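This is protein36.cif (mmCIF, C-alpha atoms).
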```
data_upload
loop_
_atom_site.label_atom_id
_atom_site.label_comp_id
_atom_site.auth_asym_id
_atom_site.auth_seq_id
_atom_site.Cartn_x
_atom_site.Cartn_y
_atom_site.Cartn_z
CA MET A 1 0.00 0.00 0.00
CA ASN A 2 1.52 3.29 -0.92
CA ARG A 3 0.64 6.69 0.35
CA TYR A 4 -1.66 7.35 -2.60
CA GLY A 5 -4.15 4.73 -1.53
CA GLY A 6 -6.31 7.34 0.14
CA ARG A 7 -9.88 7.56 -0.86
CA VAL A 8 -11.10 10.08 -3.35
CA THR A 9 -14.45 11.56 -2.58
CA ALA A 10 -16.96 9.96 -4.88
CA ALA A 11 -19.64 11.98 -6.54
CA GLN A 12 -21.96 9.14 -7.32
CA THR A 13 -25.26 9.30 -5.54
CA VAL A 14 -28.76 8.17 -6.29
CA GLY A 15 -30.94 11.19 -6.03
CA ALA A 16 -30.32 12.74 -2.66
CA GLU A 17 -29.89 9.40 -0.92
CA PRO A 18 -26.39 8.49 0.17
CA ASP A 19 -25.19 5.57 -1.91
CA ASP A 20 -24.72 2.81 0.61
CA VAL A 21 -25.42 -0.16 -1.65
CA ALA A 22 -21.88 -1.49 -1.16
CA GLU A 23 -22.30 -1.37 2.58
CA ARG A 24 -25.63 -3.15 2.46
CA LEU A 25 -24.34 -5.78 0.07
CA SER A 26 -21.34 -6.56 2.22
CA ALA A 27 -23.69 -6.86 5.19
CA GLY A 28 -25.55 -9.60 3.33
CA SER A 29 -28.65 -7.87 1.99
CA LYS A 30 -30.32 -9.66 -0.90
CA ASP A 31 -32.12 -6.45 -1.79
CA ALA A 32 -28.73 -4.81 -2.19
CA LEU A 33 -27.75 -7.59 -4.59
CA ALA A 34 -30.91 -6.96 -6.60
CA GLU A 35 -30.15 -3.25 -6.67
CA THR A 36 -26.55 -3.95 -7.67
CA TYR A 37 -27.81 -6.06 -10.53
CA GLU A 38 -30.36 -3.46 -11.51
CA ARG A 39 -27.75 -0.74 -11.71
CA TRP A 40 -24.70 -2.49 -13.13
CA SER A 41 -25.77 -5.64 -14.98
CA ALA A 42 -25.83 -3.70 -18.25
CA LEU A 43 -22.24 -2.55 -17.67
CA VAL A 44 -21.06 -6.09 -16.93
CA TYR A 45 -23.09 -7.64 -19.74
CA THR A 46 -21.97 -5.08 -22.32
CA ILE A 47 -18.31 -5.65 -21.47
CA ALA A 48 -18.75 -9.43 -21.57
CA LEU A 49 -20.67 -9.30 -24.83
CA ARG A 50 -18.14 -7.10 -26.59
CA ALA A 51 -15.19 -9.06 -25.20
CA LEU A 52 -16.56 -12.50 -25.99
CA ARG A 53 -18.91 -11.77 -28.91
CA ASP A 54 -21.26 -14.49 -27.83
CA HIS A 55 -24.59 -14.00 -26.10
CA ALA A 56 -24.63 -17.28 -24.20
CA ASP A 57 -21.09 -16.75 -22.89
CA ALA A 58 -21.86 -13.15 -21.95
CA GLU A 59 -24.96 -14.29 -20.05
CA ASP A 60 -22.97 -16.94 -18.22
CA VAL A 61 -20.28 -14.44 -17.31
CA THR A 62 -22.89 -11.98 -16.07
CA GLN A 63 -24.46 -14.66 -13.92
CA GLN A 64 -21.07 -15.69 -12.53
CA VAL A 65 -20.09 -12.12 -11.77
CA PHE A 66 -23.13 -11.44 -9.61
CA VAL A 67 -23.04 -14.83 -7.92
CA SER A 68 -19.33 -14.25 -7.24
CA ALA A 69 -20.12 -10.77 -5.95
CA TRP A 70 -22.60 -12.30 -3.53
CA ASN A 71 -20.28 -15.08 -2.43
CA SER A 72 -17.33 -12.79 -1.94
CA ARG A 73 -19.23 -9.82 -0.56
CA HIS A 74 -17.07 -10.03 2.58
CA THR A 75 -14.08 -8.91 0.54
CA LEU A 76 -15.78 -5.74 -0.62
CA ARG A 77 -14.49 -2.66 1.16
CA PRO A 78 -17.57 -0.48 1.18
CA ALA A 79 -17.03 3.07 0.03
CA PRO A 80 -19.02 5.29 -2.28
CA GLY A 81 -18.45 4.51 -5.93
CA VAL A 82 -16.54 1.24 -5.50
CA MET A 83 -19.20 -1.07 -6.89
CA PRO A 84 -18.81 -0.77 -10.67
CA GLY A 85 -15.02 -1.13 -10.48
CA TRP A 86 -15.31 -4.13 -8.21
CA LEU A 87 -17.82 -5.81 -10.52
CA VAL A 88 -15.76 -5.06 -13.61
CA GLY A 89 -12.72 -6.50 -11.81
CA ILE A 90 -14.63 -9.73 -11.20
CA ALA A 91 -15.95 -9.70 -14.76
CA ARG A 92 -12.47 -9.40 -16.17
CA HIS A 93 -11.40 -12.60 -14.43
CA ARG A 94 -14.48 -14.50 -15.56
CA ILE A 95 -13.98 -13.28 -19.14
CA ALA A 96 -10.35 -14.38 -18.92
CA ASP A 97 -11.54 -17.83 -17.79
CA VAL A 98 -13.75 -18.16 -20.84
CA ARG A 99 -10.94 -17.03 -23.09
CA THR A 100 -8.51 -19.45 -21.47
CA GLN A 101 -11.01 -22.20 -22.06
CA ARG A 102 -11.42 -21.27 -25.69
CA PHE A 103 -7.70 -20.87 -26.09
CA ARG A 104 -6.91 -24.20 -24.53
CA SER A 105 -9.44 -26.06 -26.57
CA SER A 106 -8.38 -24.46 -29.81
CA ARG A 107 -4.63 -24.11 -29.73
CA ASN A 108 -1.62 -25.76 -28.25
CA VAL A 109 1.69 -24.11 -28.33
CA ARG A 110 5.09 -25.29 -27.49
CA ALA A 111 7.08 -22.86 -25.47
CA VAL A 112 6.23 -20.52 -22.67
CA GLY A 113 7.40 -17.64 -24.77
CA ALA A 114 4.96 -18.40 -27.50
CA THR A 115 2.13 -19.12 -25.08
CA MET A 116 2.74 -15.98 -23.13
CA HIS A 117 2.73 -13.92 -26.25
CA HIS A 118 -0.43 -15.44 -27.46
CA ASP A 119 -2.13 -15.31 -24.09
CA GLU A 120 -1.02 -11.77 -23.65
CA ALA A 121 -2.08 -10.55 -27.05
CA GLN A 122 -5.73 -11.41 -26.69
CA PRO A 123 -6.43 -10.61 -23.07
CA ALA A 124 -4.57 -7.32 -23.44
CA GLU A 125 -6.99 -6.42 -26.18
CA HIS A 126 -10.07 -7.36 -24.19
CA GLU A 127 -8.66 -5.98 -20.95
CA ASP A 128 -8.20 -2.75 -22.73
CA LEU A 129 -11.75 -3.05 -24.05
CA ALA A 130 -13.04 -3.66 -20.53
CA GLY A 131 -10.99 -0.72 -19.29
CA ARG A 132 -12.21 1.58 -22.03
CA LEU A 133 -15.83 0.60 -21.53
CA PHE A 134 -15.46 0.96 -17.79
CA VAL A 135 -13.97 4.43 -18.16
CA ALA A 136 -16.74 5.38 -20.58
CA HIS A 137 -19.20 4.28 -17.92
CA GLU A 138 -17.39 6.22 -15.20
CA LEU A 139 -17.24 9.34 -17.37
CA GLU A 140 -21.02 9.23 -17.52
CA HIS A 141 -21.12 9.20 -13.73
CA LEU A 142 -18.38 11.65 -12.80
CA GLY A 143 -20.87 14.45 -12.91
CA GLU A 144 -20.83 17.54 -15.08
CA PRO A 145 -18.94 19.51 -16.13
CA ARG A 146 -16.13 17.17 -15.12
CA GLY A 147 -17.01 14.45 -17.62
CA THR A 148 -17.21 16.94 -20.45
CA VAL A 149 -13.94 18.59 -19.42
CA LEU A 150 -12.15 15.23 -19.54
CA ARG A 151 -13.68 14.34 -22.90
CA LEU A 152 -12.68 17.68 -24.40
CA ALA A 153 -9.18 17.39 -22.97
CA PHE A 154 -8.35 13.84 -23.92
CA ILE A 155 -10.72 12.69 -26.63
CA GLU A 156 -10.74 15.97 -28.54
CA ASP A 157 -7.27 16.86 -27.33
CA ARG A 158 -8.09 20.50 -26.64
CA PRO A 159 -5.87 22.70 -24.45
CA SER A 160 -7.25 23.95 -21.14
CA SER A 161 -7.58 27.51 -22.41
CA GLU A 162 -9.84 26.39 -25.23
CA ILE A 163 -11.96 24.26 -22.91
CA ALA A 164 -12.24 27.25 -20.61
CA SER A 165 -13.70 29.38 -23.35
CA ILE A 166 -16.00 26.63 -24.64
CA LEU A 167 -17.45 26.00 -21.20
CA ASP A 168 -17.12 29.57 -20.06
CA MET A 169 -15.17 28.87 -16.89
CA PRO A 170 -11.76 29.95 -15.58
CA VAL A 171 -8.73 28.00 -16.81
CA GLY A 172 -7.90 27.14 -13.20
CA THR A 173 -11.25 25.43 -12.82
CA VAL A 174 -10.70 23.42 -16.00
CA LYS A 175 -7.30 22.27 -14.77
CA SER A 176 -8.72 21.37 -11.41
CA HIS A 177 -11.48 19.26 -13.03
CA ILE A 178 -8.86 17.48 -15.09
CA ARG A 179 -6.74 16.72 -12.04
CA ARG A 180 -9.63 15.65 -9.83
CA GLY A 181 -11.18 13.64 -12.66
CA LEU A 182 -8.01 11.72 -13.39
CA LEU A 183 -7.46 11.08 -9.68
CA GLN A 184 -11.00 9.73 -9.40
CA LEU A 185 -10.60 7.52 -12.45
CA ARG A 186 -7.27 6.24 -11.18
CA SER A 187 -8.85 5.30 -7.90
CA ARG A 188 -11.75 3.51 -9.68
CA LEU A 189 -9.32 1.64 -11.89
CA ARG A 190 -7.52 0.48 -8.80
CA GLU A 191 -10.78 -1.14 -7.70
CA VAL A 192 -10.88 -3.02 -10.99
CA ASP A 193 -7.28 -4.17 -10.68
CA GLY A 194 -7.56 -4.98 -6.99
CA VAL A 195 -10.03 -7.83 -7.44
CA ALA A 196 -8.54 -11.25 -6.81
CA PRO A 197 -9.57 -13.94 -9.26
CA MET B 198 13.42 13.43 -0.39
CA SER B 199 9.72 13.99 0.07
CA HIS B 200 7.15 13.01 -2.56
CA PRO B 201 5.54 15.69 -4.71
CA ASP B 202 1.81 16.13 -3.97
CA GLN B 203 -0.80 14.33 -6.04
CA GLU B 204 -1.77 17.38 -8.08
CA SER B 205 1.85 17.96 -9.10
CA LEU B 206 2.19 14.32 -10.06
CA VAL B 207 -0.92 14.52 -12.22
CA ASP B 208 0.47 17.57 -14.00
CA LEU B 209 3.82 15.89 -14.37
CA ALA B 210 2.10 12.80 -15.80
CA LEU B 211 0.40 15.07 -18.34
CA GLY B 212 3.72 16.51 -19.42
CA ASP B 213 4.35 19.62 -17.32
CA ALA B 214 7.96 20.48 -18.13
CA ASP B 215 8.70 22.58 -15.03
CA LEU B 216 7.49 19.88 -12.69
CA ASN B 217 9.46 17.35 -14.63
CA THR B 218 12.61 19.41 -14.15
CA ARG B 219 11.90 19.76 -10.47
CA HIS B 220 10.64 16.26 -9.60
CA GLY B 221 11.55 14.07 -12.57
CA ASP B 222 14.58 12.51 -10.93
CA HIS B 223 12.70 11.69 -7.77
CA VAL B 224 9.74 10.21 -9.64
CA ARG B 225 11.90 8.01 -11.82
CA GLY B 226 13.67 6.65 -8.77
CA CYS B 227 10.60 6.27 -6.59
CA ALA B 228 8.43 3.18 -7.08
CA ALA B 229 5.34 4.76 -5.50
CA CYS B 230 5.55 7.98 -7.50
CA SER B 231 6.38 6.33 -10.79
CA SER B 232 3.53 3.85 -10.50
CA PHE B 233 1.22 6.70 -9.54
CA VAL B 234 2.27 8.60 -12.67
CA ALA B 235 1.80 5.46 -14.77
CA GLU B 236 -1.70 4.95 -13.34
CA ILE B 237 -2.66 8.54 -14.12
CA ARG B 238 -1.41 8.12 -17.69
CA ARG B 239 -3.35 4.91 -18.01
CA ALA B 240 -6.50 6.70 -16.85
CA ARG B 241 -5.83 9.44 -19.39
CA ASP B 242 -5.23 6.91 -22.19
CA LEU B 243 -8.42 5.07 -21.33
CA VAL B 244 -10.36 8.32 -21.49
CA ALA B 245 -8.75 9.06 -24.84
CA GLY B 246 -9.67 5.60 -26.10
CA SER B 247 -12.95 5.30 -24.28
CA VAL B 248 -15.58 3.58 -26.32
CA GLU B 249 -18.62 5.58 -27.22
CA VAL B 250 -21.50 3.59 -25.81
CA ALA B 251 -24.77 4.76 -27.28
CA GLU B 252 -26.71 2.19 -25.34
CA TRP B 253 -25.62 -0.37 -22.79
CA ASP B 254 -26.81 -3.87 -23.57
CA GLN B 255 -29.30 -5.32 -21.11
CA PRO B 256 -28.95 -8.99 -20.26
CA PRO B 257 -32.07 -11.12 -20.79
CA ALA B 258 -34.39 -11.33 -17.75
CA ASP B 259 -33.57 -14.99 -17.30
CA VAL B 260 -30.05 -14.12 -16.08
CA TRP B 261 -31.33 -12.54 -12.90
CA ASN B 262 -33.52 -15.58 -12.22
CA ARG B 263 -30.48 -17.81 -12.50
CA ILE B 264 -28.55 -15.60 -10.10
CA GLU B 265 -31.40 -15.55 -7.62
CA ARG B 266 -31.70 -19.32 -7.67
CA ALA B 267 -27.98 -19.71 -7.16
CA VAL B 268 -27.72 -17.41 -4.17
CA ASP B 269 -30.95 -18.68 -2.60
CA VAL B 270 -29.75 -22.24 -2.65
CA ASP B 271 -26.43 -21.06 -1.34
CA ALA B 272 -28.05 -19.37 1.64
CA ALA B 273 -30.58 -22.07 2.47
CA PRO B 274 -30.08 -25.57 1.10
CA ALA B 275 -33.04 -26.71 -0.94
CA GLY B 276 -35.65 -28.84 0.77
CA PRO B 277 -36.53 -32.38 -0.24
CA GLY B 278 -37.92 -32.67 -3.71
CA ALA B 279 -36.31 -29.49 -4.88
CA THR B 280 -34.04 -29.81 -7.85
CA PRO B 281 -31.74 -26.84 -7.76
CA PRO B 282 -29.58 -26.16 -10.75
CA ARG B 283 -26.26 -27.87 -10.71
CA TYR B 284 -24.16 -24.81 -10.01
CA ALA B 285 -26.36 -23.89 -7.08
CA ALA B 286 -26.20 -27.36 -5.60
CA ARG B 287 -22.44 -27.29 -5.76
CA ALA B 288 -22.28 -23.92 -4.11
CA ALA B 289 -24.53 -25.07 -1.28
CA ARG B 290 -22.48 -28.11 -0.59
CA ARG B 291 -19.46 -26.05 0.29
CA SER B 292 -21.12 -23.26 2.18
CA ARG B 293 -18.66 -23.75 5.02
CA ALA B 294 -15.66 -23.37 2.76
CA PRO B 295 -13.67 -20.12 2.86
CA TRP B 296 -15.18 -17.34 0.82
CA TRP B 297 -12.67 -17.53 -1.94
CA VAL B 298 -13.31 -21.18 -2.49
CA ALA B 299 -16.96 -20.35 -2.93
CA ALA B 300 -16.12 -17.52 -5.27
CA ALA B 301 -13.67 -19.64 -7.18
CA SER B 302 -16.13 -22.48 -7.51
CA VAL B 303 -18.39 -20.43 -9.70
CA ALA B 304 -15.66 -20.05 -12.26
CA GLY B 305 -14.24 -23.42 -11.47
CA ILE B 306 -17.37 -25.29 -12.34
CA VAL B 307 -17.56 -23.78 -15.75
CA VAL B 308 -13.90 -24.37 -16.44
CA GLY B 309 -14.03 -27.77 -14.80
CA LEU B 310 -16.99 -28.94 -16.81
CA ALA B 311 -15.51 -27.67 -20.00
CA PHE B 312 -12.29 -29.57 -19.54
CA GLY B 313 -13.72 -32.55 -17.83
CA TRP B 314 -11.35 -32.10 -14.98
CA ALA B 315 -12.11 -33.94 -11.82
CA PHE B 316 -13.24 -31.06 -9.71
CA TRP B 317 -15.14 -31.79 -6.54
CA ASN B 318 -16.09 -35.01 -8.17
CA ASP B 319 -16.40 -36.81 -4.88
CA PRO B 320 -18.39 -34.80 -2.36
CA ALA B 321 -18.13 -37.52 0.29
CA ARG B 322 -14.36 -37.39 0.30
CA PRO B 323 -13.12 -35.61 3.43
CA SER B 324 -9.90 -34.59 1.69
CA PRO B 325 -9.30 -30.85 1.71
CA THR B 326 -8.48 -30.76 -1.98
CA ILE B 327 -9.44 -27.34 -3.22
CA ALA B 328 -8.74 -27.70 -6.89
CA ARG B 329 -6.93 -30.01 -9.22
CA THR B 330 -5.82 -30.04 -12.79
CA ALA B 331 -4.29 -32.41 -15.25
CA LEU B 332 -0.78 -31.56 -16.36
CA ASP B 333 -0.45 -32.03 -20.10
CA THR B 334 2.21 -31.35 -22.64
CA LEU B 335 1.63 -28.08 -24.40
CA ASP B 336 1.85 -29.27 -27.97
CA THR B 337 -0.02 -32.55 -28.16
CA ARG B 338 -1.75 -32.54 -24.79
CA GLN B 339 -0.20 -35.78 -23.63
CA PRO B 340 -0.94 -36.43 -19.97
CA ARG B 341 2.08 -35.99 -17.74
CA GLY B 342 0.46 -36.01 -14.34
CA GLU B 343 -1.68 -33.96 -12.10
CA ALA B 344 -1.46 -31.04 -9.73
CA ALA B 345 -3.74 -30.42 -6.77
CA LEU B 346 -4.15 -27.62 -4.32
CA VAL B 347 -4.76 -29.04 -0.87
CA GLY B 348 -5.22 -27.64 2.60
CA THR B 349 -7.25 -25.03 4.34
CA GLY B 350 -6.74 -21.46 5.43
CA GLU B 351 -3.70 -19.47 4.49
CA ALA B 352 -1.20 -22.32 4.24
CA LEU B 353 -1.83 -24.49 1.22
CA ASP B 354 0.14 -27.18 -0.51
CA LEU B 355 0.58 -27.67 -4.18
CA ARG B 356 0.82 -31.40 -4.73
CA VAL B 357 2.42 -32.32 -8.01
CA ASP B 358 2.28 -35.86 -9.27
CA THR B 359 4.19 -36.47 -12.47
CA THR B 360 5.42 -39.22 -14.72
CA ALA B 361 7.77 -39.38 -17.64
CA LEU B 362 9.27 -35.93 -17.59
CA ASP B 363 12.69 -35.75 -19.10
CA ALA B 364 14.97 -33.29 -17.39
CA GLY B 365 17.65 -33.81 -20.04
CA SER B 366 20.93 -32.47 -18.80
CA GLY B 367 19.20 -30.03 -16.47
CA TYR B 368 16.48 -30.18 -13.84
CA LEU B 369 12.74 -29.70 -13.52
CA GLU B 370 11.25 -26.62 -11.94
CA VAL B 371 7.66 -26.00 -10.87
CA TRP B 372 6.12 -22.60 -11.51
CA LEU B 373 2.85 -20.88 -10.84
CA ILE B 374 1.99 -18.56 -13.70
CA ASN B 375 -0.49 -15.80 -13.17
CA ARG B 376 -3.62 -16.01 -15.23
CA ASP B 377 -2.71 -12.59 -16.61
CA GLY B 378 0.07 -14.38 -18.47
CA LYS B 379 2.58 -11.77 -17.41
CA ARG B 380 3.86 -12.87 -14.04
CA MET B 381 5.12 -16.10 -12.58
CA VAL B 382 6.75 -17.39 -9.47
CA SER B 383 8.99 -20.37 -8.96
CA VAL B 384 7.51 -22.85 -6.53
CA GLY B 385 10.35 -25.33 -6.28
CA VAL B 386 12.40 -27.99 -7.93
CA LEU B 387 10.99 -31.35 -8.88
CA ARG B 388 13.29 -34.21 -8.01
CA GLY B 389 11.74 -36.77 -10.35
CA ALA B 390 8.61 -38.74 -11.03
CA GLY B 391 6.15 -39.29 -8.20
CA THR B 392 4.31 -37.03 -5.81
CA GLU B 393 5.94 -33.97 -4.37
CA THR B 394 4.48 -31.23 -2.26
CA PHE B 395 5.29 -27.55 -2.30
CA PRO B 396 3.98 -25.00 0.18
CA VAL B 397 2.11 -22.09 -1.41
CA SER B 398 0.05 -19.35 0.13
CA GLN B 399 -3.62 -18.64 -0.26
CA ALA B 400 -2.70 -15.07 -1.11
CA LEU B 401 -0.70 -16.22 -4.11
CA ILE B 402 -3.61 -18.26 -5.46
CA ALA B 403 -6.00 -15.41 -4.75
CA GLN B 404 -3.79 -13.12 -6.80
CA GLY B 405 -4.29 -15.36 -9.80
CA TYR B 406 -1.20 -17.56 -9.78
CA VAL B 407 -3.15 -20.64 -10.79
CA VAL B 408 -1.41 -22.02 -13.85
CA VAL B 409 0.89 -24.85 -12.85
CA ASP B 410 3.84 -25.18 -15.17
CA ILE B 411 6.80 -27.53 -15.15
CA SER B 412 9.85 -26.44 -17.05
CA ARG B 413 13.18 -27.91 -17.94
CA GLU B 414 15.95 -25.69 -16.67
CA GLY B 415 19.62 -25.78 -17.46
CA TYR B 416 22.35 -25.45 -14.87
CA ASP B 417 23.06 -21.86 -15.71
CA ASP B 418 22.94 -18.58 -13.85
CA LYS B 419 19.54 -17.62 -15.20
CA PRO B 420 16.91 -17.79 -12.49
CA GLN B 421 14.06 -17.01 -14.87
CA HIS B 422 11.93 -19.53 -16.74
CA SER B 423 13.87 -21.18 -19.54
CA GLY B 424 10.88 -21.08 -21.89
CA ASP B 425 11.01 -24.86 -22.17
CA SER B 426 7.71 -25.99 -20.66
CA LEU B 427 7.15 -29.72 -20.42
CA ALA B 428 3.67 -29.75 -18.91
CA ARG B 429 1.05 -27.36 -17.82
CA GLY B 430 -2.44 -27.16 -16.33
CA ALA B 431 -4.65 -24.42 -14.92
CA LEU B 432 -6.16 -24.89 -11.50
CA PRO B 433 -9.84 -24.01 -11.61
CA ALA B 434 -9.45 -21.58 -8.74
#
```
Would you mind writing the file's structure down as structure tokens?
Amino acid sequence: MNRYGGRVTAAQTVGAEPDDVAERLSAGSKDALAETYERWSALVYTIALRALRDHADAEDVTQQVFVSAWNSRHTLRPAPGVMPGWLVGIARHRIADVRTQRFRSSRNVRAVGATMHHDEAQPAEHEDLAGRLFVAHELEHLGEPRGTVLRLAFIEDRPSSEIASILDMPVGTVKSHIRRGLLQLRSRLREVDGVAP
Amino acid sequence: MSHPDQESLVDLALGDADLNTRHGDHVRGCAACSSFVAEIRRARDLVAGSVEVAEWDQPPADVWNRIERAVDVDAAPAGPGATPPRYAARAARRSRAPWWVAAASVAGIVVGLAFGWAFWNDPARPSPTIARTALDTLDTRQPRGEAALVGTGEALDLRVDTTALDAGSGYLEVWLINRDGKRMVSVGVLRGAGTETFPVSQALIAQGYVVVDISREGYDDKPQHSGDSLARGALPA
């Protein structure tokens, strides 16, 4: 654990209610599992579907992710905003399992080097896909204008001064949204990467 | 030297030249700061490459029903006459197992069924075998033995049972490769055919080091994997 592990204040709330679904899930509430599914099954399913390109496999992965989430709810460290990253982290492992299965039944290779390269090539692609979809999802939930600032800065590659004039806000505010936004995303990505298989 | 603050590191990650002049040397030499900078850049790159999602796909309604059945059976074993789905029945049977075994079983069943590996194939057996896998050659999938993860709690054993492995002029080494395909750890040296046991930790397995690999190593000064794998199998954990 390094000194950057501190929590970043999460903006995600449902209406005015504090978002305590993670807390309730880890305490063993079935309703919280239903709510978790309601809110994030589309995220998990979309990632699985695009990574595996097969409806039946994507459905199986989705099922496994939420059953795993239930079974390992004790490992969840409840904090606002952790849920989607945690679920995507689980999904990534289940997707990797399916890919390993497919890989093993379709190809045999001789040396570690070759295997590693092959193994690495495909998961890297899908991992990246999962990461990009997850970040797209998080951008939708960062709140405005932060999401827009990040999109303008990194998708459209515009300098802060230009973003400032587009959104009619001081350059300092733009820069601060960029910093806070990237810090938030980094912390969410750590949730994804922190999930044990 | 003290670490720059997070905001400075973000700016440095985004290419601020002044900050780079001031803190670049520290960051390059500091594991915490350099991985922080790398993580910020990764976040930036993922934003840059983020996929435009017009509409998120909804899973069919049936998926939730399957989940509900699975977790209900897990919480309260089905009464007489009930025929829970197979995955649920398996989960219920091990409700006293550590959480990660339960979590792993969900994946394990799928993988296990697909490969026909003997996984929890004998529920009456009191043995604390957590997972097992066949060890096959990589090219033609010839059986070369079996590996099993046994034990409970933090201290586990990897039991490797092999036949017919030719060490050539070198020796045989057992590895656990991470499922990410990027990392591996050496578990120990295999003396020959037969059963040998190597201590491993639960934490290692939980981190994804589940692919058992046996390599032929030469007597050289290279501690890393030779690249010459004789047998391999993935534990469904």
How would you write, as a short mmCIF file (atom, residue, chain, number, x, y, z; two decimals) with C-alpha atoms, in the coordinates of the input, the residues chosen by the PyMOL selection byres ((chain A and resi 178-183) around 7) on this structure?
```
data_model
loop_
_atom_site.label_atom_id
_atom_site.label_comp_id
_atom_site.auth_asym_id
_atom_site.auth_seq_id
_atom_site.Cartn_x
_atom_site.Cartn_y
_atom_site.Cartn_z
CA ARG A 146 -16.13 17.17 -15.12
CA VAL A 149 -13.94 18.59 -19.42
CA LEU A 150 -12.15 15.23 -19.54
CA VAL A 174 -10.70 23.42 -16.00
CA LYS A 175 -7.30 22.27 -14.77
CA SER A 176 -8.72 21.37 -11.41
CA HIS A 177 -11.48 19.26 -13.03
CA GLN A 184 -11.00 9.73 -9.40
CA LEU A 185 -10.60 7.52 -12.45
CA ARG A 186 -7.27 6.24 -11.18
CA SER A 187 -8.85 5.30 -7.90
CA GLU B 204 -1.77 17.38 -8.08
CA VAL B 207 -0.92 14.52 -12.22
CA ILE B 237 -2.66 8.54 -14.12
CA ALA B 240 -6.50 6.70 -16.85
CA ARG B 241 -5.83 9.44 -19.39
#
```
Closest of A:Gly131, A:Gly85, A:Pro170, A:Pro80 to chain B, counting only C-alpha atoms, is A:Gly131
Neighbour list for Ala364 (chain B) as a PyMOL selection string, cut-off 12 Å, only C-alpha atoms, skip fewer than 3 positions in-chain: chain B and resi 360-361+367-370+386-390+411-416+425-428
Grab the CA of Leu76 (chain A) to CA of Ala22 (chain A) distance for me, in Å with one decimal place.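 CA of Ala22 (chain A) lies at a distance of 7.5 Å from CA of Leu76 (chain A).
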If the PyMOL selection byres ((chain A and resi 93) around 10) were run on this exact file, what residues would it hold? Put them as a tab-separated table (two decimals) with C-alpha atoms, in the coordinates of the input.
```
chain	number	residue	atom	x	y	z
A	61	VAL	CA	-20.28	-14.44	-17.31
A	65	VAL	CA	-20.09	-12.12	-11.77
A	88	VAL	CA	-15.76	-5.06	-13.61
A	89	GLY	CA	-12.72	-6.50	-11.81
A	90	ILE	CA	-14.63	-9.73	-11.20
A	91	ALA	CA	-15.95	-9.70	-14.76
A	92	ARG	CA	-12.47	-9.40	-16.17
A	94	ARG	CA	-14.48	-14.50	-15.56
A	95	ILE	CA	-13.98	-13.28	-19.14
A	96	ALA	CA	-10.35	-14.38	-18.92
A	97	ASP	CA	-11.54	-17.83	-17.79
A	98	VAL	CA	-13.75	-18.16	-20.84
A	99	ARG	CA	-10.94	-17.03	-23.09
A	127	GLU	CA	-8.66	-5.98	-20.95
A	195	VAL	CA	-10.03	-7.83	-7.44
A	196	ALA	CA	-8.54	-11.25	-6.81
A	197	PRO	CA	-9.57	-13.94	-9.26
B	304	ALA	CA	-15.66	-20.05	-12.26
B	376	ARG	CA	-3.62	-16.01	-15.23
B	377	ASP	CA	-2.71	-12.59	-16.61
B	405	GLY	CA	-4.29	-15.36	-9.80
```
Quick one: distance from CA of Lys30 (chain A) to CA of Leu49 (chain A) in Å, one decimal?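 Calculated distance between CA of Lys30 (chain A) and CA of Leu49 (chain A) is 25.8 Å.
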Using all atoms listed in the file: which of B:Gln404, B:Thr394, B:Gln421, B:Asn217 has the shortest distance to chain A: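 Nearest candidate to chain A out of B:Gln404, B:Thr394, B:Gln421, B:Asn217: B:Gln404.
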So that I can see what lies close to Leu25 (chain A), please list as an MDAnalysis selection string the residues with an atom at most 12 Å from it, counting only C-alpha atoms and leaving out residues fewer than 6 positions away in the same chain. chainID A and resid 19 31:37 66 69:79 82:83
From the list B:Leu243, B:Ala400, B:Val384, B:Val357, which residue is nearest chain A when using all atoms listed in the file?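 Nearest to chain A: B:Leu243.
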Between A:Leu133, A:Ile47, A:Leu152, A:Ile166, which one has atoms that come closest to chain B, using only C-alpha atoms?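 Among A:Leu133, A:Ile47, A:Leu152, A:Ile166, it is A:Leu133 that comes nearest to chain B.
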